[in-house]
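J.: Quick one: the structure is below, questions incoming.
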Amino acid sequence: MHAALEQGQYRFLLAVIAPMATDAARLASDLETELRNEMAENGVELPPLDLGAGGAP
């Protein structure tokens with residue numbers, strides 16, 4: 001732990017950040033679904049998603 005933060009502060013930060021991360025993941029999923037639905041309705045195909053090796057050669 002960082003010397004400037006006490007355990008209670010870390011627990012508070014985690015209690016705030018964890019639900020925000022969950023909400024962000026849910027929003028991203030909803031947006032992806034919406035995008036796919038819009039593209040399907042308009043006859044547009046998404047290219048395959050290739051994440052590769054994270055930029056490694």
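Going through the structure tokens in order, the chains are called A, B, and so on, while each chain numbers its residues from 1 and the ligands are numbered from 1 in the order shown.
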Please identify which residues in chain A DSSP calls helix (DSSP H, G or I) from the backbone, and express them as a VMD selection string.
T.: chain A and resid 7 to 41
